[in-house]
Amino acid sequence: MNLVWGFFLYTIIGFGLLSLPIFHKTNVGLLDNLFISTSAISTTGLVTVSVYDSYNFFGQFIIMVLFQIGGVGYMTLTTYYLLFTTRNISAWHNKILGAEFTMPNTIKIRDFIKSVVVFTTVMEVLGAVGFFIAFRQSGMEPLKAVWFSIFHSVSTFCTAGFGLFNDSFEGYSDSVFINTIISVLAIAGSLGFIVITDLWYRISGRSKKISFTTKIITYGFVLLLGLGTLLIYVAEPSVQASGSKLTESFFQTMTAMTTVGFNTISTDGLSLPILLLVIFLMYIGASPSGTAGGMKITTLTAMISVLKSRLFGQRQITFFNRIIPFERLYVATSTFILYTSIIFLFTFLLTFTETFELRQILFEVASSLGTVGLSTGITAGLSDWGKGLVIILMFIGRVGVLTFGFALLERKSNSSMEVIKDDLAV
């Protein structure tokens, strides 16, 4: 419950600040300000108004701070400050962090928090340098290039999907350098801090092997990324005539899986089969404890394991010859059922409030709940009721469907919020 109220408070603070006319270039409605604030704190990237055309530098800076908080997690920043000043964290902080970041028992909270802050800082600085070089090469003036580089680096690593270009990165579809920067930052952020901390343990000699969780995340991500790229490369007509066919196919798959939300080709122009593929990738997402949204690869893995055990009549549920504890399966099953139900429910509700095609509504819902930010172009045209529903979806997607469900039911038992300590994070 504390986690939900924490993100809600930051959303309201952001809404209040963005509603001040001194941060506007043009008049922006209250509902649009709330939409932008929620989208930023949830690191979704869906917008009803142009960020660059509607907000001045200070307004854009507020938005950047919001998705930085949303991407790394406000409890992470608070806990890091406590570690830096007092070297101690309370049981309450441990509990909330357990709800925000699910991690295996091989990783200590203290090391995890430090790795999150250090890795985030390093990657965002390197990303800003890379963006600056690329933007200067494209002819952008120096001061503008500095701000655009910082904004897009933070947005990319936090997989926020907020951009200062009105066409996302469609104007840079043939820039291998820009595509590479975005891909590296987004994949680094979305693979998750579990993987980074685990790899650091292995490199520094603190651990002799990579955890089972890291293996599942890495193998699953690479497999889905490869299959998605191949399918778009072969079956998507809009990339067939492109001179950078492979780059665009990879980027479209990557942006959906990492939920970074940038695009180099028009999403609305995708064929129906590929649109469904992108919806599936947004639905799955990437890693737990990273900056990406979605249902998570580990949840998909657990569901596949359950199906496999039923089909082959196995009494124990295993994956890669490892037994998955029932506690983890309960969490994964609950997540799968609740996540899927929310997508159906909100798609159903939006068909009442909107006049768009079903494929567009379903895509918008999957993108909102997965905190992706991709759209077929209907976001700005949503009715007030539609914007309200999407705001709720984005907020649920950021705090997590189970966490939000626990908050609604006011579950008081420790089991509802604490991390179950075993070798597999779901």
# chains A, B, ... in the order shown; residues from 1 in each chain; ligands from 1
call {"tool": "residues_around", "arguments": {"residues": "A:Thr259", "least_positions_apart": "5", "cutoff": "8 Å", "atoms": "only C-alpha atoms", "output": "ChimeraX atom specification"}}
result
/A:44,159-161,190,254,282,285-286,292-294,370-373
call {"tool": "write_last_selection", "arguments": {"atoms": "N, CA and C atoms", "output": "compact mmCIF listing (two decimals), in the first residue's frame"}}
result
# COMPACT_ATOMS: atom_id res chain seq x y z
N THR A 44 5.77 5.50 -19.12
CA THR A 44 5.03 4.97 -20.27
C THR A 44 5.41 5.69 -21.56
N THR A 159 13.45 3.57 -19.96
CA THR A 159 12.44 3.06 -20.90
C THR A 159 11.14 3.86 -20.77
N ALA A 160 11.31 5.19 -20.71
CA ALA A 160 10.16 6.07 -20.51
C ALA A 160 9.44 6.40 -21.81
N GLY A 161 10.17 6.42 -22.91
CA GLY A 161 9.53 6.68 -24.20
C GLY A 161 9.18 8.13 -24.46
N SER A 190 16.25 -2.42 -19.28
CA SER A 190 15.15 -3.37 -19.20
C SER A 190 15.57 -4.76 -18.74
N MET A 254 12.81 -4.59 -30.35
CA MET A 254 13.48 -4.14 -29.12
C MET A 254 12.63 -3.13 -28.37
N MET A 282 4.81 -6.49 -26.09
CA MET A 282 4.53 -5.50 -25.04
C MET A 282 3.89 -6.18 -23.83
N GLY A 285 6.94 -8.02 -22.06
CA GLY A 285 7.92 -7.11 -21.48
C GLY A 285 9.27 -7.76 -21.35
N ALA A 286 10.02 -7.36 -20.34
CA ALA A 286 11.39 -7.88 -20.19
C ALA A 286 11.59 -8.48 -18.81
N ALA A 292 11.77 -1.85 -17.36
CA ALA A 292 10.73 -2.21 -18.32
C ALA A 292 9.43 -2.58 -17.62
N GLY A 293 8.34 -2.49 -18.37
CA GLY A 293 7.04 -2.91 -17.86
C GLY A 293 6.68 -4.28 -18.39
N GLY A 294 5.39 -4.51 -18.55
CA GLY A 294 4.94 -5.80 -19.06
C GLY A 294 4.75 -6.84 -17.96
N GLY A 370 1.47 -2.05 -20.12
CA GLY A 370 2.86 -2.47 -20.19
C GLY A 370 3.84 -1.32 -20.05
N THR A 371 3.33 -0.10 -19.86
CA THR A 371 4.12 1.14 -19.77
C THR A 371 5.11 1.23 -20.93
N VAL A 372 4.61 1.00 -22.13
CA VAL A 372 5.46 0.99 -23.32
C VAL A 372 5.54 2.36 -23.98
N GLY A 373 4.39 2.92 -24.32
CA GLY A 373 4.39 4.24 -24.95
C GLY A 373 4.20 4.23 -26.44
call {"tool": "residues_around", "arguments": {"residues": "A:Leu277", "least_positions_apart": "5", "cutoff": "10 Å", "atoms": "only C-alpha atoms", "output": "list in words"}}
result
Gly228, Leu231, Ile232, Thr253, Ala256, Ser271, Leu272, Met282 and Tyr283 of chain A
call {"tool": "write_last_selection", "arguments": {"atoms": "C-alpha atoms", "output": "PDB file, in the first residue's frame"}}
result
ATOM      1  CA  GLY A 228      10.449 -10.928 -33.189  1.00  0.00           C
ATOM      2  CA  LEU A 231       9.184 -12.227 -38.119  1.00  0.00           C
ATOM      3  CA  ILE A 232       9.105  -8.477 -38.760  1.00  0.00           C
ATOM      4  CA  THR A 253      11.082  -5.649 -31.647  1.00  0.00           C
ATOM      5  CA  ALA A 256       8.272  -3.309 -27.686  1.00  0.00           C
ATOM      6  CA  SER A 271       0.245  -4.932 -40.852  1.00  0.00           C
ATOM      7  CA  LEU A 272      -2.281  -6.681 -38.606  1.00  0.00           C
ATOM      8  CA  MET A 282       4.532  -5.501 -25.044  1.00  0.00           C
ATOM      9  CA  TYR A 283       2.386  -7.919 -23.045  1.00  0.00           C
TER      10      TYR A 283
END
call {"tool": "closest_residue", "arguments": {"among": "A:Ile210, A:Leu223, A:Ile133, A:Leu191", "to": "A:Thr258", "atoms": "only C-alpha atoms"}}
result
A:Leu191
call {"tool": "atom_distance", "arguments": {"atom1": "atom CA of A:Val51", "atom2": "atom CA of A:Thr379"}}
result
13.5 Å
call {"tool": "select_by_dssp", "arguments": {"residues": "stretch 319-399 of chain A", "states": "helix (DSSP H, G or I)", "output": "PyMOL selection string"}}
result
chain A and resi 326-353+358-369+379-381+384-399
call {"tool": "residues_around", "arguments": {"residues": "A:Leu338", "least_positions_apart": "4", "cutoff": "10 Å", "atoms": "only C-alpha atoms", "output": "list in words"}}
result
Met295, Ala332, Thr333, Ser334, Ile342, Ile343, Phe344, Val401, Leu402 and Gly405 of chain A
call {"tool": "write_last_selection", "arguments": {"atoms": "all heavy atoms", "output": "short mmCIF file (atom, residue, chain, number, x, y, z; two decimals), in the first residue's frame"}}
result
data_model
loop_
_atom_site.label_atom_id
_atom_site.label_comp_id
_atom_site.auth_asym_id
_atom_site.auth_seq_id
_atom_site.Cartn_x
_atom_site.Cartn_y
_atom_site.Cartn_z
N MET A 295 4.30 -8.01 -18.38
CA MET A 295 4.03 -9.10 -17.44
C MET A 295 5.31 -9.74 -16.93
O MET A 295 5.34 -10.36 -15.88
CB MET A 295 3.16 -10.16 -18.13
CG MET A 295 2.61 -11.23 -17.22
SD MET A 295 1.55 -12.39 -18.11
CE MET A 295 2.73 -13.13 -19.25
N ALA A 332 3.21 -16.02 -10.06
CA ALA A 332 3.19 -15.94 -11.53
C ALA A 332 1.79 -16.15 -12.08
O ALA A 332 1.34 -15.42 -12.98
CB ALA A 332 4.15 -16.96 -12.13
N THR A 333 1.08 -17.15 -11.56
CA THR A 333 -0.27 -17.44 -12.03
C THR A 333 -1.21 -16.28 -11.73
O THR A 333 -2.02 -15.89 -12.57
CB THR A 333 -0.80 -18.72 -11.36
OG1 THR A 333 0.08 -19.80 -11.61
CG2 THR A 333 -2.18 -19.07 -11.91
N SER A 334 -1.09 -15.73 -10.54
CA SER A 334 -1.93 -14.58 -10.17
C SER A 334 -1.64 -13.39 -11.07
O SER A 334 -2.57 -12.70 -11.51
CB SER A 334 -1.67 -14.20 -8.70
OG SER A 334 -1.96 -15.28 -7.84
N ILE A 342 -7.15 -7.51 -16.80
CA ILE A 342 -7.17 -6.04 -16.88
C ILE A 342 -7.14 -5.59 -18.33
O ILE A 342 -7.84 -4.64 -18.72
CB ILE A 342 -5.98 -5.45 -16.09
CG1 ILE A 342 -6.20 -5.65 -14.59
CG2 ILE A 342 -5.81 -3.96 -16.40
CD1 ILE A 342 -5.01 -5.23 -13.74
N ILE A 343 -6.33 -6.25 -19.15
CA ILE A 343 -6.28 -5.91 -20.58
C ILE A 343 -7.65 -6.09 -21.22
O ILE A 343 -8.14 -5.22 -21.96
CB ILE A 343 -5.23 -6.76 -21.31
CG1 ILE A 343 -3.82 -6.28 -20.95
CG2 ILE A 343 -5.43 -6.70 -22.83
CD1 ILE A 343 -2.72 -7.03 -21.64
N PHE A 344 -8.30 -7.21 -20.93
CA PHE A 344 -9.64 -7.46 -21.49
C PHE A 344 -10.64 -6.43 -20.99
O PHE A 344 -11.41 -5.86 -21.77
CB PHE A 344 -10.11 -8.87 -21.13
CG PHE A 344 -11.53 -9.15 -21.56
CD1 PHE A 344 -11.82 -9.52 -22.87
CD2 PHE A 344 -12.59 -9.01 -20.66
CE1 PHE A 344 -13.13 -9.75 -23.27
CE2 PHE A 344 -13.90 -9.23 -21.06
CZ PHE A 344 -14.16 -9.62 -22.36
N VAL A 401 0.52 -5.04 -11.20
CA VAL A 401 -0.88 -5.45 -11.06
C VAL A 401 -1.15 -6.11 -9.72
O VAL A 401 -2.19 -5.89 -9.10
CB VAL A 401 -1.29 -6.39 -12.22
CG1 VAL A 401 -1.32 -5.66 -13.53
CG2 VAL A 401 -0.36 -7.60 -12.31
N LEU A 402 -0.21 -6.92 -9.24
CA LEU A 402 -0.42 -7.58 -7.95
C LEU A 402 -0.36 -6.59 -6.80
O LEU A 402 -1.16 -6.64 -5.87
CB LEU A 402 0.61 -8.69 -7.74
CG LEU A 402 0.32 -10.03 -8.43
CD1 LEU A 402 1.35 -11.07 -7.99
CD2 LEU A 402 -1.08 -10.53 -8.13
N GLY A 405 -3.48 -4.71 -6.80
CA GLY A 405 -4.56 -5.55 -6.30
C GLY A 405 -4.53 -5.70 -4.80
O GLY A 405 -5.56 -5.63 -4.12
#
call {"tool": "residues_around", "arguments": {"residues": "stretch 308-311 of chain A", "least_positions_apart": "5", "cutoff": "12 Å", "atoms": "only C-alpha atoms", "output": "PyMOL selection string"}}
result
chain A and resi 301-303+316-321+323-324
call {"tool": "closest_residue", "arguments": {"among": "A:Leu31, A:Val47, A:Val234, A:Ile150", "to": "A:Ile274", "atoms": "only C-alpha atoms"}}
result
A:Val234
call {"tool": "atom_distance", "arguments": {"atom1": "atom CA of A:Val125", "atom2": "atom CA of A:Gly189"}}
result
13.5 Å
call {"tool": "residues_around", "arguments": {"residues": "A:Met394", "least_positions_apart": "5", "cutoff": "12 Å", "atoms": "only C-alpha atoms", "output": "VMD selection string"}}
result
chain A and resid 7 to 8 11 34 to 47 70 160 293 to 294 342 to 343 346 364 to 373 387 to 389 399 to 401 404
call {"tool": "write_last_selection", "arguments": {"atoms": "N, CA and C atoms", "output": "compact mmCIF listing (two decimals), in the first residue's frame"}}
result
# COMPACT_ATOMS: atom_id res chain seq x y z
N PHE A 7 3.84 6.43 -5.27
CA PHE A 7 3.78 6.80 -6.69
C PHE A 7 2.61 7.74 -6.95
N PHE A 8 1.51 7.54 -6.22
CA PHE A 8 0.36 8.43 -6.37
C PHE A 8 0.72 9.85 -5.96
N THR A 11 2.84 11.48 -8.55
CA THR A 11 2.01 11.81 -9.70
C THR A 11 1.25 13.11 -9.47
N LEU A 34 -2.41 15.97 -16.09
CA LEU A 34 -2.48 14.76 -15.27
C LEU A 34 -2.04 13.55 -16.07
N PHE A 35 -2.44 13.53 -17.34
CA PHE A 35 -2.06 12.42 -18.22
C PHE A 35 -0.54 12.37 -18.38
N ILE A 36 0.07 13.53 -18.65
CA ILE A 36 1.52 13.59 -18.84
C ILE A 36 2.25 13.21 -17.57
N SER A 37 1.79 13.69 -16.43
CA SER A 37 2.42 13.38 -15.15
C SER A 37 2.36 11.88 -14.86
N THR A 38 1.21 11.28 -15.07
CA THR A 38 1.06 9.83 -14.85
C THR A 38 1.92 9.05 -15.83
N SER A 39 1.93 9.48 -17.08
CA SER A 39 2.73 8.82 -18.10
C SER A 39 4.21 8.88 -17.76
N ALA A 40 4.65 10.00 -17.19
CA ALA A 40 6.06 10.17 -16.84
C ALA A 40 6.44 9.32 -15.63
N ILE A 41 5.65 9.39 -14.56
CA ILE A 41 5.99 8.64 -13.35
C ILE A 41 5.87 7.14 -13.59
N SER A 42 5.03 6.74 -14.54
CA SER A 42 4.89 5.32 -14.88
C SER A 42 5.86 4.90 -15.98
N THR A 43 6.66 5.84 -16.48
CA THR A 43 7.62 5.63 -17.57
C THR A 43 6.95 4.99 -18.78
N THR A 44 5.77 5.50 -19.12
CA THR A 44 5.03 4.97 -20.27
C THR A 44 5.41 5.69 -21.56
N GLY A 45 5.24 7.00 -21.57
CA GLY A 45 5.61 7.76 -22.76
C GLY A 45 4.46 8.12 -23.67
N LEU A 46 3.25 7.67 -23.35
CA LEU A 46 2.09 8.10 -24.11
C LEU A 46 1.80 9.56 -23.79
N VAL A 47 1.48 10.35 -24.80
CA VAL A 47 1.23 11.77 -24.59
C VAL A 47 -0.01 12.20 -25.36
N GLY A 70 10.36 7.53 -11.64
CA GLY A 70 9.56 6.36 -11.99
C GLY A 70 10.40 5.21 -12.48
N ALA A 160 11.31 5.19 -20.71
CA ALA A 160 10.16 6.07 -20.51
C ALA A 160 9.44 6.40 -21.81
N GLY A 293 8.34 -2.49 -18.37
CA GLY A 293 7.04 -2.91 -17.86
C GLY A 293 6.68 -4.28 -18.39
N GLY A 294 5.39 -4.51 -18.55
CA GLY A 294 4.94 -5.80 -19.06
C GLY A 294 4.75 -6.84 -17.96
N ILE A 342 -7.15 -7.51 -16.80
CA ILE A 342 -7.17 -6.04 -16.88
C ILE A 342 -7.14 -5.59 -18.33
N ILE A 343 -6.33 -6.25 -19.15
CA ILE A 343 -6.28 -5.91 -20.58
C ILE A 343 -7.65 -6.09 -21.22
N PHE A 346 -10.28 -3.34 -19.73
CA PHE A 346 -10.12 -1.96 -20.19
C PHE A 346 -10.31 -1.84 -21.70
N GLU A 364 -3.49 0.21 -27.69
CA GLU A 364 -3.34 1.29 -26.72
C GLU A 364 -3.39 0.76 -25.28
N VAL A 365 -4.28 -0.19 -25.05
CA VAL A 365 -4.41 -0.79 -23.71
C VAL A 365 -3.15 -1.57 -23.34
N ALA A 366 -2.68 -2.41 -24.26
CA ALA A 366 -1.47 -3.19 -24.00
C ALA A 366 -0.27 -2.29 -23.78
N SER A 367 -0.18 -1.21 -24.54
CA SER A 367 0.91 -0.27 -24.40
C SER A 367 0.84 0.49 -23.08
N SER A 368 -0.37 0.84 -22.66
CA SER A 368 -0.56 1.58 -21.41
C SER A 368 -0.23 0.72 -20.20
N LEU A 369 -0.80 -0.48 -20.13
CA LEU A 369 -0.56 -1.36 -18.99
C LEU A 369 0.88 -1.84 -18.95
N GLY A 370 1.47 -2.05 -20.12
CA GLY A 370 2.86 -2.47 -20.19
C GLY A 370 3.84 -1.32 -20.05
N THR A 371 3.33 -0.10 -19.86
CA THR A 371 4.12 1.14 -19.77
C THR A 371 5.11 1.23 -20.93
N VAL A 372 4.61 1.00 -22.13
CA VAL A 372 5.46 0.99 -23.32
C VAL A 372 5.54 2.36 -23.98
N GLY A 373 4.39 2.92 -24.32
CA GLY A 373 4.39 4.24 -24.95
C GLY A 373 4.20 4.23 -26.44
N LYS A 387 -9.13 9.05 -21.76
CA LYS A 387 -7.88 9.48 -21.12
C LYS A 387 -7.85 9.05 -19.66
N GLY A 388 -8.98 9.14 -18.98
CA GLY A 388 -9.05 8.72 -17.59
C GLY A 388 -8.76 7.24 -17.43
N LEU A 389 -9.31 6.42 -18.32
CA LEU A 389 -9.06 4.98 -18.26
C LEU A 389 -7.60 4.65 -18.52
N VAL A 399 2.98 0.45 -10.78
CA VAL A 399 3.09 -0.12 -9.43
C VAL A 399 3.03 -1.64 -9.46
N GLY A 400 2.54 -2.20 -10.58
CA GLY A 400 2.43 -3.65 -10.69
C GLY A 400 1.02 -4.11 -10.40
N VAL A 401 0.52 -5.04 -11.20
CA VAL A 401 -0.88 -5.45 -11.06
C VAL A 401 -1.15 -6.11 -9.72
N PHE A 404 -1.01 -3.43 -6.91
CA PHE A 404 -2.23 -2.63 -6.98
C PHE A 404 -3.42 -3.42 -6.45
call {"tool": "residues_around", "arguments": {"residues": "A:Val72", "least_positions_apart": "4", "cutoff": "9 Å", "atoms": "only C-alpha atoms", "output": "list of chain:residue names"}}
result
A:Phe67, A:Gln68, A:Thr76, A:Leu77, A:Val116, A:Val117, A:Thr120, A:Cys158, A:Gly290, A:Thr291
call {"tool": "write_last_selection", "arguments": {"atoms": "N, CA and C atoms", "output": "PDB file, in the first residue's frame"}}
result
ATOM      1  N   PHE A  67      10.087  10.920 -14.787  1.00  0.00           N
ATOM      2  CA  PHE A  67      10.346   9.568 -15.299  1.00  0.00           C
ATOM      3  C   PHE A  67      11.683   9.007 -14.812  1.00  0.00           C
ATOM      4  N   GLN A  68      12.572   9.864 -14.303  1.00  0.00           N
ATOM      5  CA  GLN A  68      13.763   9.345 -13.637  1.00  0.00           C
ATOM      6  C   GLN A  68      13.365   8.679 -12.312  1.00  0.00           C
ATOM      7  N   THR A  76      14.132   3.369  -4.172  1.00  0.00           N
ATOM      8  CA  THR A  76      15.545   3.114  -4.427  1.00  0.00           C
ATOM      9  C   THR A  76      16.374   4.340  -4.088  1.00  0.00           C
ATOM     10  N   LEU A  77      15.935   5.495  -4.561  1.00  0.00           N
ATOM     11  CA  LEU A  77      16.654   6.735  -4.299  1.00  0.00           C
ATOM     12  C   LEU A  77      16.664   7.072  -2.804  1.00  0.00           C
ATOM     13  N   VAL A 116      22.205  -0.278  -8.582  1.00  0.00           N
ATOM     14  CA  VAL A 116      21.170   0.428  -9.333  1.00  0.00           C
ATOM     15  C   VAL A 116      21.577   1.877  -9.580  1.00  0.00           C
ATOM     16  N   VAL A 117      21.966   2.571  -8.526  1.00  0.00           N
ATOM     17  CA  VAL A 117      22.304   3.996  -8.625  1.00  0.00           C
ATOM     18  C   VAL A 117      23.568   4.208  -9.460  1.00  0.00           C
ATOM     19  N   THR A 120      22.923   3.167 -13.184  1.00  0.00           N
ATOM     20  CA  THR A 120      22.045   4.148 -13.826  1.00  0.00           C
ATOM     21  C   THR A 120      22.813   5.411 -14.187  1.00  0.00           C
ATOM     22  N   CYS A 158      15.520   4.713 -18.738  1.00  0.00           N
ATOM     23  CA  CYS A 158      14.362   4.432 -17.885  1.00  0.00           C
ATOM     24  C   CYS A 158      13.207   3.823 -18.682  1.00  0.00           C
ATOM     25  N   GLY A 290      13.834  -4.378 -13.391  1.00  0.00           N
ATOM     26  CA  GLY A 290      14.456  -3.477 -14.342  1.00  0.00           C
ATOM     27  C   GLY A 290      13.541  -2.284 -14.566  1.00  0.00           C
ATOM     28  N   THR A 291      13.791  -1.531 -15.610  1.00  0.00           N
ATOM     29  CA  THR A 291      12.980  -0.347 -15.876  1.00  0.00           C
ATOM     30  C   THR A 291      11.811  -0.650 -16.807  1.00  0.00           C
TER      31      THR A 291
END
call {"tool": "closest_residue", "arguments": {"among": "A:Gly127, A:Gly377, A:Gly205, A:Gly220", "to": "A:Leu300", "atoms": "only C-alpha atoms"}}
result
A:Gly220
